[in-house]
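Heads up, final22.txt below (compact mmCIF, C-alpha atoms):
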```txt
# COMPACT_ATOMS: atom_id res chain seq x y z
CA MET I 1 137.51 163.78 147.53
CA ASP I 2 139.83 162.32 150.18
CA ALA I 3 142.27 159.70 148.82
CA THR I 4 141.14 157.25 151.50
CA TRP I 5 137.60 157.27 150.16
CA ILE I 6 138.82 156.81 146.64
CA VAL I 7 140.78 153.73 147.69
CA LEU I 8 137.80 152.32 149.56
CA LEU I 9 135.47 152.85 146.60
CA ALA I 10 137.95 151.18 144.28
CA LEU I 11 138.28 148.23 146.62
CA GLY I 12 134.46 147.93 146.86
CA PHE I 13 134.06 148.10 143.12
CA GLY I 14 136.74 145.48 142.67
CA PHE I 15 135.14 143.14 145.20
CA GLY I 16 131.71 143.59 143.54
CA LEU I 17 133.10 142.97 140.09
CA GLY I 18 134.92 139.89 141.30
CA ALA I 19 131.78 138.53 142.96
CA LEU I 20 129.84 139.08 139.74
CA VAL I 21 132.48 137.31 137.68
CA VAL I 22 132.50 134.39 140.13
CA HIS I 23 128.69 134.17 140.00
CA LEU I 24 128.60 134.28 136.20
CA GLY I 25 131.32 131.67 136.07
CA GLY I 26 129.32 129.43 138.38
CA VAL I 27 126.18 129.82 136.29
CA ALA I 28 128.13 129.05 133.12
CA ALA I 29 129.71 126.00 134.75
CA THR I 30 126.30 124.76 135.92
CA ARG I 31 124.82 125.21 132.47
CA GLY I 32 127.82 123.52 130.90
CA GLN I 33 127.49 120.56 133.23
CA ARG I 34 123.76 120.33 132.48
CA ALA I 35 124.42 120.47 128.74
CA LEU I 36 127.11 117.83 129.12
CA GLN I 37 124.71 115.63 131.07
CA LEU I 38 122.08 115.99 128.36
CA ALA I 39 124.61 115.28 125.64
CA ASN I 40 125.86 112.22 127.48
CA GLU I 41 122.41 111.00 128.52
CA SER I 42 121.87 107.51 127.13
CA ILE I 43 118.69 105.82 126.02
CA PRO I 44 117.03 104.35 129.14
CA ASP I 45 117.76 100.69 129.79
CA GLY I 46 115.52 98.32 127.85
CA ILE I 47 114.12 100.91 125.43
CA ALA I 48 116.51 99.98 122.64
CA ASP I 49 115.72 96.28 123.10
CA VAL I 50 111.98 96.96 123.12
CA VAL I 51 112.21 99.02 119.91
CA GLY I 52 114.13 96.23 118.22
CA ALA I 53 111.54 93.64 119.27
CA LEU I 54 108.46 95.60 118.21
CA GLU I 55 106.28 94.25 115.40
CA SER I 56 104.97 97.78 114.90
CA ALA I 57 107.27 100.54 113.70
CA GLY I 58 109.32 102.09 116.50
CA VAL I 59 111.82 104.97 116.33
CA VAL I 60 113.85 106.80 119.01
CA VAL I 61 115.11 110.31 118.17
CA ASP I 62 117.30 112.69 120.18
CA ALA I 63 116.96 116.43 120.80
CA SER I 64 118.20 117.22 117.30
CA ASN I 65 115.70 114.74 115.79
CA THR I 66 118.50 112.38 114.80
CA VAL I 67 117.27 108.78 114.67
CA LEU I 68 119.18 106.70 117.24
CA ARG I 69 117.17 103.48 117.04
CA ALA I 70 114.64 102.17 114.50
CA SER I 71 112.84 98.84 114.30
CA ASP I 72 112.86 96.72 111.16
CA SER I 73 109.21 97.64 110.55
CA ALA I 74 110.08 101.33 110.63
CA MET I 75 112.73 100.80 107.99
CA THR I 76 110.37 98.66 105.87
CA LEU I 77 107.67 101.33 105.98
CA GLY I 78 110.20 103.95 104.91
CA LEU I 79 109.89 106.09 108.05
CA VAL I 80 113.64 106.65 108.29
CA ALA I 81 116.09 107.98 105.72
CA ASP I 82 119.72 108.91 106.49
CA ARG I 83 119.16 108.79 110.27
CA ALA I 84 116.25 111.24 110.03
CA LEU I 85 112.48 110.90 109.90
CA ALA I 86 111.42 110.81 106.25
CA ASN I 87 107.95 112.28 106.75
CA ALA I 88 107.13 115.90 107.63
CA GLU I 89 103.96 114.98 109.55
CA LEU I 90 105.92 112.62 111.77
CA MET I 91 108.47 115.38 112.42
CA GLU I 92 105.62 117.70 113.46
CA LEU I 93 104.24 115.03 115.77
CA VAL I 94 107.64 114.62 117.44
CA GLN I 95 107.95 118.39 117.87
CA ASP I 96 104.47 118.58 119.42
CA ALA I 97 105.36 115.86 121.93
CA ARG I 98 108.65 117.61 122.78
CA SER I 99 106.91 120.98 123.25
CA SER I 100 104.04 119.69 125.37
CA GLY I 101 106.07 117.14 127.32
CA GLN I 102 103.19 114.70 126.83
CA ALA I 103 102.27 111.89 124.45
CA GLU I 104 100.74 113.08 121.18
CA GLU I 105 99.04 111.02 118.47
CA ARG I 106 97.50 111.46 115.04
CA MET I 107 96.73 109.67 111.79
CA VAL I 108 99.44 110.15 109.17
CA GLU I 109 99.38 109.41 105.46
CA LEU I 110 102.63 108.09 104.00
CA ARG I 111 103.05 107.92 100.23
CA ARG I 112 103.97 104.45 99.02
CA SER I 113 105.13 105.61 95.61
CA ARG I 114 106.66 108.87 94.49
CA PHE I 115 105.07 108.36 91.08
CA ASP I 116 101.47 107.68 92.20
CA GLU I 117 100.02 110.00 94.84
CA SER I 118 96.97 107.77 95.28
CA GLN I 119 99.13 104.99 96.73
CA VAL I 120 99.36 105.84 100.43
CA ARG I 121 99.75 104.06 103.75
CA HIS I 122 97.57 105.12 106.65
CA LEU I 123 99.54 105.13 109.90
CA SER I 124 98.31 105.56 113.46
CA ALA I 125 101.31 107.37 115.01
CA ARG I 126 102.06 108.20 118.67
CA ALA I 127 105.05 110.16 120.02
CA ALA I 128 106.02 110.34 123.71
CA PRO I 129 109.01 111.87 125.60
CA ILE I 130 111.54 109.54 127.21
CA GLY I 131 113.57 111.40 129.79
CA ALA I 132 114.64 114.96 129.04
CA ARG I 133 116.16 114.36 125.64
CA PHE I 134 114.57 111.53 123.70
CA ILE I 135 111.27 110.97 121.90
CA LEU I 136 109.84 107.51 121.22
CA LEU I 137 107.72 107.34 118.06
CA LEU I 138 105.43 104.36 117.46
CA ALA I 139 103.44 103.79 114.26
CA GLU I 140 100.86 101.13 113.32
CA ASP I 141 99.98 100.48 109.68
CA ARG I 142 96.18 100.77 109.43
CA THR I 143 96.06 100.69 105.61
CA GLU I 144 94.49 97.23 105.32
CA GLU I 145 92.04 97.94 108.14
CA ILE I 146 90.86 101.13 106.44
CA ARG I 147 90.69 99.38 103.05
CA LEU I 148 88.56 96.56 104.48
CA GLU I 149 86.26 99.06 106.14
CA GLY I 150 85.78 100.71 102.76
CA VAL I 151 85.12 97.31 101.16
CA ARG I 152 82.53 96.57 103.86
CA ARG I 153 80.75 99.87 103.26
CA ASP I 154 80.77 99.30 99.49
CA PHE I 155 79.53 95.76 99.94
CA VAL I 156 76.59 96.84 102.09
CA ALA I 157 75.74 99.61 99.63
CA ASN I 158 75.96 97.22 96.66
CA VAL I 159 73.83 94.56 98.34
CA SER I 160 71.19 97.17 99.20
CA HIS I 161 71.16 98.38 95.61
CA GLU I 162 71.06 94.90 94.08
CA LEU I 163 68.23 93.77 96.34
CA LYS I 164 66.26 96.96 95.82
CA THR I 165 65.81 96.36 92.06
CA PRO I 166 64.14 92.90 92.12
CA ILE I 167 62.17 93.69 95.29
CA GLY I 168 60.83 96.86 93.66
CA ALA I 169 59.97 94.92 90.51
CA VAL I 170 58.13 92.24 92.50
CA THR I 171 56.10 94.93 94.28
CA LEU I 172 55.15 96.67 91.03
CA LEU I 173 54.24 93.41 89.32
CA ALA I 174 52.09 92.35 92.27
CA ASP I 175 50.22 95.67 92.02
CA ALA I 176 49.87 95.20 88.25
CA ILE I 177 48.42 91.70 88.69
CA ASP I 178 45.92 93.02 91.20
CA ALA I 179 44.91 95.84 88.85
CA ALA I 180 44.52 93.45 85.90
CA SER I 181 42.57 90.79 87.76
CA ASP I 182 39.78 90.93 85.15
CA ASP I 183 42.20 90.31 82.25
CA PRO I 184 43.58 86.71 82.36
CA GLY I 185 46.08 87.38 79.55
CA ARG I 186 47.70 90.31 81.31
CA VAL I 187 47.70 88.41 84.61
CA ARG I 188 49.62 85.54 82.97
CA ALA I 189 52.13 87.95 81.43
CA PHE I 190 52.69 89.76 84.72
CA ALA I 191 52.93 86.45 86.57
CA GLN I 192 55.69 85.26 84.22
CA ARG I 193 57.61 88.48 84.78
CA LEU I 194 57.08 88.03 88.51
CA MET I 195 58.59 84.56 88.35
CA VAL I 196 61.65 85.93 86.54
CA GLU I 197 62.23 88.62 89.18
CA ALA I 198 61.62 86.12 91.98
CA ALA I 199 64.20 83.78 90.44
CA ARG I 200 66.65 86.65 90.15
CA LEU I 201 66.08 87.57 93.79
CA GLY I 202 66.51 83.94 94.81
CA ALA I 203 69.77 83.64 92.84
CA LEU I 204 71.18 86.77 94.43
CA THR I 205 70.21 85.61 97.90
CA GLN I 206 71.78 82.19 97.30
CA GLU I 207 75.02 83.70 96.04
CA LEU I 208 75.21 85.96 99.09
CA ILE I 209 74.79 82.86 101.26
CA ASP I 210 77.47 81.06 99.24
CA LEU I 211 79.85 84.00 99.55
CA SER I 212 79.31 84.17 103.31
CA ARG I 213 79.95 80.43 103.64
CA VAL I 214 83.16 80.34 101.63
CA GLN I 215 84.48 83.32 103.59
CA ASP I 216 83.74 81.70 106.94
CA ASP I 217 85.09 78.21 106.17
CA ASP I 218 88.75 77.36 105.70
CA PRO I 219 88.84 74.25 103.48
CA LEU I 220 92.44 73.47 104.44
CA ASP I 221 91.70 73.17 108.18
CA ASP I 222 90.38 69.64 107.67
CA PRO I 223 90.85 68.91 103.95
CA GLU I 224 89.71 65.89 102.01
CA ARG I 225 91.40 64.36 98.97
CA ILE I 226 89.36 65.32 95.91
CA GLU I 227 89.53 63.90 92.40
CA VAL I 228 89.61 66.76 89.91
CA GLU I 229 87.80 64.61 87.34
CA ARG I 230 84.79 64.31 89.67
CA VAL I 231 84.77 68.08 90.26
CA VAL I 232 84.65 68.67 86.49
CA GLU I 233 81.86 66.13 86.00
CA ARG I 234 79.66 67.64 88.72
CA ALA I 235 80.24 71.24 87.57
CA VAL I 236 79.45 70.44 83.93
CA ASP I 237 76.36 68.37 84.82
CA ALA I 238 74.97 71.30 86.84
CA VAL I 239 75.14 73.56 83.76
CA ARG I 240 74.19 71.05 81.06
CA VAL I 241 70.47 71.93 80.94
CA ALA I 242 71.23 75.64 80.44
CA ALA I 243 73.77 74.75 77.74
CA GLU I 244 71.28 72.51 75.87
CA ALA I 245 68.70 75.30 75.94
CA LYS I 246 71.17 77.44 73.95
CA ARG I 247 72.40 74.49 71.83
CA ILE I 248 75.88 74.94 73.28
CA ARG I 249 78.12 71.87 73.29
CA ILE I 250 80.35 71.40 76.35
CA SER I 251 83.37 69.18 75.75
CA THR I 252 85.75 68.02 78.48
CA ARG I 253 89.33 66.75 78.38
CA VAL I 254 90.25 65.33 81.78
CA ALA I 255 92.72 62.55 81.07
CA ASP I 256 94.92 61.52 84.03
CA ALA I 257 93.61 64.35 86.23
CA PRO I 258 95.31 64.36 89.67
CA SER I 259 93.72 64.94 93.06
CA VAL I 260 93.79 68.06 95.22
CA LEU I 261 93.12 68.80 98.88
CA GLY I 262 90.19 70.88 100.10
CA ASP I 263 86.39 70.97 100.05
CA GLU I 264 84.72 69.28 97.07
CA ALA I 265 81.48 71.26 97.25
CA MET I 266 83.41 74.55 97.19
CA LEU I 267 85.53 73.51 94.22
CA VAL I 268 82.45 72.36 92.30
CA MET I 269 80.85 75.74 93.02
CA ALA I 270 83.96 77.58 91.80
CA LEU I 271 84.20 75.64 88.53
CA GLN I 272 80.42 75.69 87.99
CA ASN I 273 80.52 79.50 88.12
CA LEU I 274 83.15 79.53 85.37
CA VAL I 275 81.28 77.08 83.14
CA SER I 276 77.96 78.83 83.76
CA ASN I 277 79.45 82.19 82.77
CA ALA I 278 80.92 80.65 79.61
CA VAL I 279 77.47 79.32 78.65
CA GLN I 280 75.60 82.52 79.52
CA TYR I 281 77.88 84.82 77.56
CA SER I 282 78.43 82.58 74.53
CA PRO I 283 76.28 82.80 71.37
CA ASP I 284 73.71 80.08 70.71
CA GLY I 285 75.06 77.02 68.96
CA SER I 286 78.66 77.65 70.01
CA HIS I 287 81.12 75.54 71.96
CA VAL I 288 82.57 75.62 75.50
CA GLY I 289 85.62 73.58 76.41
CA VAL I 290 86.80 72.38 79.84
CA GLY I 291 90.34 71.03 79.97
CA VAL I 292 92.70 69.82 82.69
CA ARG I 293 96.47 69.79 82.51
CA MET I 294 99.47 69.67 84.84
CA SER I 295 101.93 72.54 85.24
CA ASP I 296 104.77 71.62 87.61
CA ASP I 297 103.07 70.96 90.97
CA LEU I 298 99.81 72.64 89.97
CA VAL I 299 96.72 71.35 88.23
CA GLU I 300 95.09 73.80 85.84
CA VAL I 301 91.39 73.55 84.98
CA SER I 302 90.62 75.86 82.04
CA VAL I 303 87.19 76.91 80.77
CA THR I 304 87.25 78.34 77.23
CA ASP I 305 84.43 79.98 75.31
CA LYS I 306 84.01 81.69 71.92
CA GLY I 307 82.02 84.63 73.25
CA VAL I 308 82.48 88.36 72.76
CA GLY I 309 85.53 88.54 75.02
CA ILE I 310 86.43 91.00 77.77
CA ALA I 311 88.19 94.33 77.32
CA PRO I 312 91.54 94.76 79.14
CA ALA I 313 90.11 97.49 81.39
CA ASP I 314 87.28 95.20 82.50
CA ALA I 315 89.58 92.19 82.84
CA GLN I 316 91.28 93.91 85.80
CA ARG I 317 87.97 94.13 87.69
CA VAL I 318 85.85 91.12 86.79
CA PHE I 319 86.70 89.38 90.08
CA GLU I 320 85.37 92.27 92.17
CA ARG I 321 82.06 91.76 93.95
CA PHE I 322 79.04 92.94 91.95
CA TYR I 323 81.21 94.09 89.04
CA ARG I 324 79.61 93.27 85.69
CA VAL I 325 81.12 94.00 82.30
CA ASP I 326 77.70 94.71 80.77
CA PRO I 327 75.08 95.43 83.47
CA ALA I 328 72.24 95.55 80.94
CA ARG I 329 73.14 92.15 79.54
CA SER I 330 73.63 90.76 83.04
CA ARG I 331 70.04 91.66 83.87
CA VAL I 332 68.92 89.64 80.85
CA THR I 333 71.08 86.62 81.71
CA GLY I 334 70.36 86.85 85.43
CA GLY I 335 73.95 87.62 86.42
CA THR I 336 74.55 88.97 89.94
CA GLY I 337 78.20 89.96 89.69
CA LEU I 338 79.16 87.65 92.58
CA GLY I 339 80.06 84.41 90.81
CA LEU I 340 83.64 85.28 89.86
CA SER I 341 84.40 86.82 93.24
CA ILE I 342 83.21 83.58 94.88
CA THR I 343 85.39 81.54 92.52
CA LYS I 344 88.44 83.69 93.27
CA HIS I 345 87.90 83.40 97.03
CA ILE I 346 87.56 79.60 96.81
CA ALA I 347 90.72 79.33 94.71
CA VAL I 348 92.74 81.45 97.13
CA SER I 349 91.42 79.57 100.18
CA HIS I 350 92.63 76.33 98.54
CA GLY I 351 96.11 77.80 98.02
CA GLY I 352 95.54 78.52 94.34
CA GLU I 353 94.42 81.31 92.02
CA VAL I 354 92.25 82.16 89.02
CA GLN I 355 93.74 83.55 85.82
CA LEU I 356 92.01 85.18 82.87
CA TRP I 357 92.96 85.41 79.23
CA SER I 358 90.54 87.23 76.94
CA ARG I 359 90.45 89.07 73.65
CA LEU I 360 87.53 91.03 72.27
CA GLY I 361 85.80 89.16 69.48
CA GLN I 362 87.68 85.91 70.16
CA GLY I 363 86.46 84.71 73.54
CA SER I 364 87.84 84.11 77.02
CA THR I 365 89.66 81.45 79.01
CA PHE I 366 89.39 81.29 82.80
CA THR I 367 91.91 78.98 84.47
CA LEU I 368 91.55 77.62 87.99
CA ARG I 369 95.04 76.70 89.30
CA LEU I 370 95.33 74.50 92.42
CA PRO I 371 98.20 72.71 94.21
CA VAL I 372 98.32 69.00 93.51
CA ALA I 373 97.84 66.76 96.55
CA GLN I 374 100.97 64.89 97.55
CA PRO I 375 100.80 61.09 97.13
CA GLU I 376 99.62 59.27 100.23
CA ALA I 377 102.31 57.40 102.11
CA GLN I 378 102.32 53.69 101.39
CA GLY I 379 102.25 51.29 104.34
CA ALA I 380 105.09 48.90 104.90
CA ALA I 381 104.75 45.54 103.22
```
Show the structure stored in the file as structure tokens.
Amino acid sequence: MDATWIVLLALGFGFGLGALVVHLGGVAATRGQRALQLANESIPDGIADVVGALESAGVVVDASNTVLRASDSAMTLGLVADRALANAELMELVQDARSSGQAEERMVELRRSRFDESQVRHLSARAAPIGARFILLLAEDRTEEIRLEGVRRDFVANVSHELKTPIGAVTLLADAIDAASDDPGRVRAFAQRLMVEAARLGALTQELIDLSRVQDDDPLDDPERIEVERVVERAVDAVRVAAEAKRIRISTRVADAPSVLGDEAMLVMALQNLVSNAVQYSPDGSHVGVGVRMSDDLVEVSVTDKGVGIAPADAQRVFERFYRVDPARSRVTGGTGLGLSITKHIAVSHGGEVQLWSRLGQGSTFTLRLPVAQPEAQGAA
């Protein structure tokens, strides 16, 4: 081949190689600048402030899933640990939002205790891209909402079950009376049973009405000053006939009882439930005591009986709606399982609480604890 052509080919190859190198260098420089821009990209103005002001949990993560900002709620819920998301489901949600480039949401369960897997928080989580690099994660704690929904379902189911029993009994007894119309003795016996079931149905209905009322009314919105001594007198008088029928003596010790703020009718109902339970579950001829004493800025009204007592496992649940330690015995005594839950709700709505001490074979003491009303200001002389 002629030397001239060799030189020309070499020059062409050199120019082509040089152009390629320049092009690759330009591409590399462009990519480097883009990477630098991404690395130096800051959180958009206002996002950090918004995350800090959120009541719900808010977290901002970068492309490497490093947490750059987290609200106080996010830290309290335990969503962040060592500048990283502490939950695998939340990490997956962030990755889904980054991959799709759109907002993604799901319900996430977050364990509240590493020792008890049943203790979980239910979070409604949503992740959305912010710019090219960041992901904003928002989470709302729905645990209480879900718990209350479960309580509502259980309550409806329990009410349906509790009403079904006496209504069914009334229906059967009515049919039995009709069938025994020619036998006056059997009619009287069935009629007496009918009255018992009707009374049971009436008691359950009344306690449902009472429970609805105490849940709807806030006694501290417009409270009245109530003498604890009067509350004790009214509660004991309401139960005295039932106590005399069982030859149970009710003694009271209410010396120097202070006053409290709230609704007198509610407090009488709460204490009456405690005294009534003490009478119902005490043996005939026994004794029930009602005492009042001061403990710092609280007044404690205690109802003590000498009944069979309550086992520790049952003591944790006696304030639940419709829970009864002995369902068979409750049917005999007419118990509905609502009285103690009503008492607890009234105590809490008055800023107080109900405590229980009990020992099998020795009896029980229920104590209603309420804040003492502050002395009224005296006018100037």
All residues 9 Å or closer to Arg225 in chain I, all atoms listed in the file, same chain fewer than 5 positions away omitted, as a VMD selection string: chain I and resid 259 to 264 373
Can you write out as JSON lines which residues of range 197-247 of chain I fall within 10 Å of range 278-283 of chain I, alongside each residue's closest atom pair and its distance in Å to one decimal, counting only C-alpha atoms and ordering rows by chain and ascending residue number?
```
{"residue": "I:Val239", "atom": "CA", "partner": "I:Val279", "partner_atom": "CA", "distance": 8.0}
{"residue": "I:Arg240", "atom": "CA", "partner": "I:Val279", "partner_atom": "CA", "distance": 9.2}
{"residue": "I:Ala242", "atom": "CA", "partner": "I:Val279", "partner_atom": "CA", "distance": 7.5}
{"residue": "I:Ala243", "atom": "CA", "partner": "I:Val279", "partner_atom": "CA", "distance": 6.0}
{"residue": "I:Glu244", "atom": "CA", "partner": "I:Val279", "partner_atom": "CA", "distance": 9.6}
{"residue": "I:Lys246", "atom": "CA", "partner": "I:Pro283", "partner_atom": "CA", "distance": 7.8}
{"residue": "I:Arg247", "atom": "CA", "partner": "I:Pro283", "partner_atom": "CA", "distance": 9.2}
```
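Using all atoms listed in the file for every distance, the candidate list I:Ile248, I:Leu267, I:Ala169, I:Ile310 yields I:Ile248 as the residue closest to Ser286 in chain I.
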Close residues, Leu123 in chain I itself excluded, 8 Å, only C-alpha atoms, min 6 positions apart in chain, as a list of chain:residue names: I:Met107, I:Val108, I:Glu109, I:Leu110, I:Ala139, I:Glu140, I:Asp141, I:Arg142, I:Thr143
Among listed residues I:Gln206, I:Asn65, I:Ser302, I:Thr76, nearest Leu274 in chain I (using all atoms listed in the file): I:Ser302
Pairwise distance for CA of Thr343 in chain I and CA of Asp305 in chain I, rounded to one decimal in Å: 17.3 Å
From I:Ala238, I:Val120, I:Val231, I:Ile130, residue lying nearest Val61 in chain I [all atoms listed in the file]: I:Ile130
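You will find CA of Leu338 in chain I at 9.5 Å from CA of Asp210 in chain I.
Note that the spacing between CA of Ala74 in chain I and CA of Ala125 in chain I amounts to 11.5 Å.
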Selection: 8 Å around Pro258 in chain I, only C-alpha atoms, excl. self and same-chain fewer than 2 positions, as an MDAnalysis selection string: chainID I and resid 227:229 256 260 299 372:373
Those selected residues, please, written with C-alpha atoms and delivered as a PDB file, in the frame of the given file.
```pdb
ATOM      1  CA  GLU I 227      89.530  63.900  92.400  1.00  0.00           C
ATOM      2  CA  VAL I 228      89.610  66.760  89.910  1.00  0.00           C
ATOM      3  CA  GLU I 229      87.800  64.610  87.340  1.00  0.00           C
ATOM      4  CA  ASP I 256      94.920  61.520  84.030  1.00  0.00           C
ATOM      5  CA  VAL I 260      93.790  68.060  95.220  1.00  0.00           C
ATOM      6  CA  VAL I 299      96.720  71.350  88.230  1.00  0.00           C
ATOM      7  CA  VAL I 372      98.320  69.000  93.510  1.00  0.00           C
ATOM      8  CA  ALA I 373      97.840  66.760  96.550  1.00  0.00           C
TER       9      ALA I 373
END
```
Surrounding residues of Ser73 in chain I excluding itself and chain neighbours under 2 positions, 12 Å, only C-alpha atoms, as JSON, numbers by chain: {"I": [51, 52, 53, 54, 55, 56, 57, 58, 59, 69, 70, 71, 75, 76, 77, 78, 79, 80, 138, 139, 140, 141]}
Selection near Ala255 in chain I, 8 Å with all atoms listed in the file, sequence-local residues under 2 positions removed, as a PyMOL selection string: chain I and resi 253+257+292
